[in-house]
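The file input.txt contains compact mmCIF, C-alpha atoms:
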```
# COMPACT_ATOMS: atom_id res chain seq x y z
CA MET Q 1 0.00 0.00 0.00
CA ASN Q 2 1.55 3.28 -1.09
CA MET Q 3 1.66 6.44 0.99
CA ASP Q 4 -0.99 8.28 -1.03
CA HIS Q 5 -3.53 5.53 -0.53
CA MET Q 6 -2.86 5.47 3.21
CA MET Q 7 -3.38 9.24 3.44
CA LYS Q 8 -6.68 8.96 1.60
CA MET Q 9 -7.89 6.28 3.99
CA LEU Q 10 -6.88 8.36 7.02
CA LEU Q 11 -8.68 11.41 5.66
CA GLN Q 12 -11.77 9.33 4.92
CA ASN Q 13 -11.80 7.88 8.44
CA GLN Q 14 -11.44 11.34 9.92
CA LYS Q 15 -14.39 12.57 7.86
CA ASN Q 16 -16.47 9.60 8.98
CA ILE Q 17 -15.66 10.34 12.63
CA GLN Q 18 -16.53 14.00 12.20
CA ASN Q 19 -19.82 13.11 10.49
CA GLN Q 20 -20.72 10.70 13.30
CA GLN Q 21 -19.95 13.38 15.89
CA LYS Q 22 -22.18 15.83 14.01
CA ILE Q 23 -25.02 13.30 13.91
CA GLN Q 24 -24.70 12.63 17.64
CA LYS Q 25 -24.66 16.37 18.38
CA LEU Q 26 -27.75 16.87 16.22
CA GLN Q 27 -29.55 14.03 17.98
CA GLN Q 28 -28.68 15.54 21.34
CA LEU Q 29 -30.04 18.94 20.28
CA VAL Q 30 -33.27 17.35 19.04
CA GLN Q 31 -33.70 15.48 22.33
CA GLU Q 32 -33.09 18.63 24.35
CA LYS Q 33 -35.65 20.51 22.27
CA LYS Q 34 -38.25 17.77 22.80
CA SER Q 35 -37.63 17.81 26.55
CA LYS Q 36 -38.14 21.57 26.68
CA GLU Q 37 -41.35 21.32 24.64
CA ASN Q 38 -42.70 18.55 26.90
CA LYS Q 39 -41.94 20.65 29.98
CA VAL Q 40 -43.79 23.64 28.50
CA LEU Q 41 -46.80 21.44 27.68
CA THR Q 42 -46.78 19.88 31.15
CA ASP Q 43 -46.61 23.27 32.85
CA ALA Q 44 -49.43 24.58 30.67
CA LYS Q 45 -51.59 21.53 31.51
CA LYS Q 46 -50.97 22.02 35.24
CA THR Q 47 -51.97 25.67 34.90
CA ARG Q 48 -55.23 24.72 33.13
CA ILE Q 49 -56.04 22.12 35.79
CA SER Q 50 -55.41 24.63 38.57
CA LYS Q 51 -57.65 27.18 36.90
CA ASN Q 52 -60.38 24.59 36.38
CA LEU Q 53 -60.29 23.54 40.04
CA LEU Q 54 -60.46 27.17 41.13
CA TYR Q 55 -63.39 27.77 38.82
CA GLN Q 56 -65.20 24.70 40.17
CA ASN Q 57 -64.81 25.80 43.77
CA SER Q 58 -66.00 29.34 43.21
CA GLN Q 59 -68.63 29.02 40.46
CA TYR Q 60 -70.19 25.54 40.75
CA ASP Q 61 -69.60 25.06 37.02
CA PHE Q 62 -71.47 21.95 35.83
CA GLU Q 63 -69.24 21.77 32.74
CA ARG Q 64 -66.52 20.50 35.05
CA LEU Q 65 -68.44 19.25 38.07
CA ASN Q 66 -71.71 17.46 37.31
CA LYS Q 67 -72.83 16.54 40.85
CA LYS Q 68 -73.79 18.83 43.69
CA THR Q 69 -75.33 18.38 47.11
CA LEU Q 70 -77.88 20.67 48.73
CA ILE Q 71 -78.36 20.17 52.48
CA ILE Q 72 -80.94 21.99 54.59
CA ASP Q 73 -81.23 21.88 58.38
CA VAL Q 74 -84.69 22.72 59.74
CA SER Q 75 -85.73 23.06 63.36
CA GLY Q 76 -88.00 25.27 65.44
CA SER Q 77 -91.75 24.85 65.57
CA LEU Q 78 -92.08 21.55 63.69
CA ASP Q 79 -94.34 20.26 66.48
CA SER Q 80 -96.90 22.96 65.66
CA ASN Q 81 -96.28 23.94 62.03
CA ILE Q 82 -95.72 21.68 59.02
CA ASN Q 83 -94.33 24.52 56.86
CA PHE Q 84 -90.72 25.68 56.77
CA ASN Q 85 -88.71 28.40 55.06
CA VAL Q 86 -84.90 28.58 55.23
CA ASP Q 87 -82.38 30.97 53.66
CA LEU Q 88 -79.22 29.54 52.14
CA ILE Q 89 -75.88 31.02 53.20
CA GLU Q 90 -75.05 31.73 49.57
CA SER Q 91 -76.88 31.41 46.27
CA PHE Q 92 -76.98 27.82 45.03
CA LYS Q 93 -76.30 27.95 41.29
CA ILE Q 94 -77.59 25.33 38.86
CA ASP Q 95 -76.04 25.87 35.42
CA ARG Q 96 -77.63 23.11 33.36
CA LEU Q 97 -80.77 21.04 33.15
CA SER Q 98 -80.38 18.67 36.11
CA ASP Q 99 -82.10 15.84 37.94
CA VAL Q 100 -82.80 16.05 41.67
CA TYR Q 101 -82.64 12.97 43.90
CA LEU Q 102 -83.44 12.40 47.56
CA ASP Q 103 -80.21 11.24 49.19
CA THR Q 104 -80.85 11.29 52.95
CA LEU Q 105 -83.44 12.37 55.49
CA ILE Q 106 -82.30 12.45 59.13
CA THR Q 107 -84.76 13.34 61.87
CA PHE Q 108 -84.68 14.03 65.59
CA ASN Q 109 -87.77 13.44 67.71
CA ALA Q 110 -90.06 12.53 64.85
CA LEU Q 111 -93.27 10.89 66.00
CA ASP Q 112 -92.84 7.13 65.69
CA ASN Q 113 -94.36 5.31 62.73
CA LYS Q 114 -97.10 3.68 64.84
CA HIS Q 115 -98.17 6.89 66.55
CA SER Q 116 -101.95 7.42 66.21
CA GLY Q 117 -102.44 4.39 64.01
CA SER Q 118 -101.12 4.39 60.44
CA ASN Q 119 -101.01 8.14 59.80
CA HIS Q 120 -97.31 8.35 60.71
CA MET Q 121 -95.99 5.45 58.65
CA CYS Q 122 -94.70 7.99 56.08
CA PHE Q 123 -93.67 11.62 55.82
CA ILE Q 124 -95.11 13.83 53.11
CA LEU Q 125 -92.40 16.22 51.95
CA GLY Q 126 -93.25 19.21 49.78
CA LEU Q 127 -90.64 21.46 48.15
CA ASN Q 128 -92.15 24.61 46.67
CA ASP Q 129 -89.03 25.50 44.65
CA PHE Q 130 -89.02 22.19 42.77
CA ASN Q 131 -91.49 21.19 40.08
CA ILE Q 132 -92.54 17.79 41.48
CA HIS Q 133 -94.94 15.78 39.29
CA THR Q 134 -96.26 13.09 41.61
CA GLY Q 135 -99.59 11.56 40.72
CA SER Q 136 -101.79 10.08 43.43
CA ASN Q 137 -105.36 9.25 44.45
CA SER Q 138 -104.72 11.42 47.54
CA ASP Q 139 -104.78 15.20 47.21
CA LYS Q 140 -102.38 15.38 50.17
CA ILE Q 141 -99.74 13.29 48.36
CA GLN Q 142 -100.28 14.83 44.90
CA TYR Q 143 -97.21 16.88 43.81
CA ASN Q 144 -95.28 15.84 46.93
CA ILE Q 145 -92.75 13.20 48.00
CA ILE Q 146 -93.43 10.19 50.20
CA ILE Q 147 -90.64 9.07 52.58
CA PRO Q 148 -91.14 5.99 54.80
CA ASN Q 149 -90.93 6.84 58.50
CA GLU Q 150 -88.40 4.50 60.12
CA SER Q 151 -88.69 5.99 63.59
CA THR Q 152 -89.90 3.43 66.13
CA ALA Q 153 -89.75 5.62 69.24
CA ASP Q 154 -89.96 9.29 70.18
CA ASN Q 155 -86.92 11.36 71.16
CA THR Q 156 -84.52 9.46 68.85
CA VAL Q 157 -82.31 10.22 65.87
CA ASP Q 158 -83.34 8.24 62.79
CA ILE Q 159 -82.02 7.92 59.26
CA HIS Q 160 -84.83 7.33 56.81
CA LYS Q 161 -82.91 5.70 53.96
CA SER Q 162 -85.49 3.45 52.35
CA LYS Q 163 -85.73 5.91 49.47
CA LYS Q 164 -82.06 6.80 49.11
CA HIS Q 165 -81.29 8.29 45.67
CA ASN Q 166 -84.93 8.29 44.57
CA PHE Q 167 -85.73 10.66 41.75
CA ILE Q 168 -87.66 13.78 42.77
CA CYS Q 169 -87.81 15.98 39.70
CA SER Q 170 -85.84 17.79 37.01
CA ILE Q 171 -84.82 21.41 37.38
CA ASN Q 172 -83.82 24.05 34.84
CA PRO Q 173 -80.84 26.40 35.32
CA CYS Q 174 -81.51 28.78 38.18
CA ASN Q 175 -80.16 30.37 41.36
CA ILE Q 176 -81.71 29.14 44.62
CA THR Q 177 -81.49 31.39 47.66
CA THR Q 178 -84.30 30.04 49.86
CA ILE Q 179 -85.99 26.68 50.34
CA GLU Q 180 -89.70 26.68 51.14
CA GLY Q 181 -91.69 23.56 51.79
CA SER Q 182 -93.59 21.38 54.22
CA ILE Q 183 -93.18 18.10 56.07
CA SER Q 184 -96.11 16.29 57.64
CA ASN Q 185 -97.67 12.92 58.31
CA LEU Q 186 -100.16 11.33 55.90
CA ILE Q 187 -103.05 13.59 56.94
CA ASN Q 188 -101.04 16.83 56.75
CA ALA Q 189 -100.67 17.03 60.52
CA VAL Q 190 -97.39 17.61 62.37
CA ALA Q 191 -94.91 14.75 62.22
CA PHE Q 192 -92.63 15.87 65.07
CA ALA Q 193 -92.76 16.16 68.83
CA SER Q 194 -91.29 19.10 70.76
CA SER Q 195 -87.75 20.16 69.67
CA GLY Q 196 -88.14 18.22 66.44
CA ARG Q 197 -85.53 18.70 63.75
CA PHE Q 198 -84.64 17.27 60.34
CA ILE Q 199 -81.75 17.42 57.89
CA LEU Q 200 -82.54 16.88 54.24
CA GLU Q 201 -79.82 16.07 51.71
CA LEU Q 202 -80.57 16.40 48.00
CA LEU Q 203 -78.29 15.19 45.23
CA ILE Q 204 -78.40 17.24 42.02
CA ILE Q 205 -76.88 15.69 38.90
CA ALA Q 206 -76.44 17.68 35.69
CA ARG Q 207 -77.51 15.94 32.50
CA ASP Q 208 -74.94 15.23 29.78
```
So, in terms of structure tokens, how does the structure I just supplied come out?
Amino acid sequence: MNMDHMMKMLLQNQKNIQNQQKIQKLQQLVQEKKSKENKVLTDAKKTRISKNLLYQNSQYDFERLNKKTLIIDVSGSLDSNINFNVDLIESFKIDRLSDVYLDTLITFNALDNKHSGSNHMCFILGLNDFNIHTGSNSDKIQYNIIIPNESTADNTVDIHKSKKHNFICSINPCNITTIEGSISNLINAVAFASSGRFILELLIIARD
């Protein structure tokens, strides 16, 4: 092998090494660029999630949160008056057509279900702010809700859960500031003894 041929081979090898180094450098730059882009996308996604959570907490937006709970606590003269009217601490916003379900009814000192015969075997619950379409052969039950009375003694706390998650009605978008209604036995008489109290929990689910 002559000297010229050896020099050509050395030069060719050097070029190959330089080309390989350039390729490796280019690959490294591409990888670094991808990493930076992924970090930007990740940070942007975190920012969107944070904003969405903030919006949920402050605005009750059904686009992001499709279930809400409305709880009312009623006490006072339930032993002498079947009607109640309570003001909510803040406006309860419903953004989309939604379905309302009875989740829980908890009572204190409700008259037991055998008090005065069969008239206390159920509560009749009326909610004036909700468009309830209940049909019945009884004008007292018509347009109201029936909840089985599970109290077996006076002066007790009872959870009436036989109708948990039962459909009540649908409701259009609105802002609710007060809840007016009534709770009674089957003949529209009082359903509570002295110091009676109840907590009603409603589940409101936005339609897709």
*Polymer residues at most 10 Å from Q:Ile106, all atoms listed in the file, same-chain spacing of 3 or more positions, as a PyMOL selection string*: chain Q and resi 73+110+157-161+197-201
*Residue nearest Q:His120 among Q:Ser35, Q:Thr156, Q:Asn188, Q:Thr177 (counting only C-alpha atoms)*: Q:Asn188
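Of the residues listed (Q:Ala206, Q:Asp103, Q:Ile183, Q:Gly135), Q:Ile183 shows the shortest atom-to-atom separation from Q:Asp79; distances use all atoms listed in the file.
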_Gap from atom CA of Q:Tyr143 to atom CA of Q:Val190 - Å, one decimal_ = 18.6 Å
*Rounded to one decimal in Å, what is the spacing between atom CA of Q:Val100 and atom CA of Q:Cys169?*
5.4 Å
_Between atom CA of Q:Lys68 and atom CA of Q:Ile132 - distance in Å to one decimal_ = 18.9 Å
*Go through Q:Leu70, Q:Leu125, Q:Leu97, Q:Ala191 and flag the residue nearest Q:Arg207, using all atoms listed in the file for the distances.*
Q:Leu97
*Expected residue set, 12 Å radius at (-102.4, 14.5, 62.4), only C-alpha atoms, as a PyMOL selection string*: chain Q and resi 79-82+111+115-124+183-193
Enclose the full set of atoms of stretch 72-88 of chain Q listed in the file within a box whose edges lie along x, y and z, apply 6 Å of padding to each of the six sides, and report centre and edge lengths in Å to one decimal as lines of an AutoDock Vina configuration file.
```
center_x = -88.1
center_y = 25.6
center_z = 59.3
size_x = 29.7
size_y = 22.7
size_z = 26.3
```
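Minimum atom-to-atom distance to Q:Glu90, evaluated using all atoms listed in the file, belongs to Q:Thr178 out of Q:Thr134, Q:Thr178, Q:Asn109, Q:Ser195.
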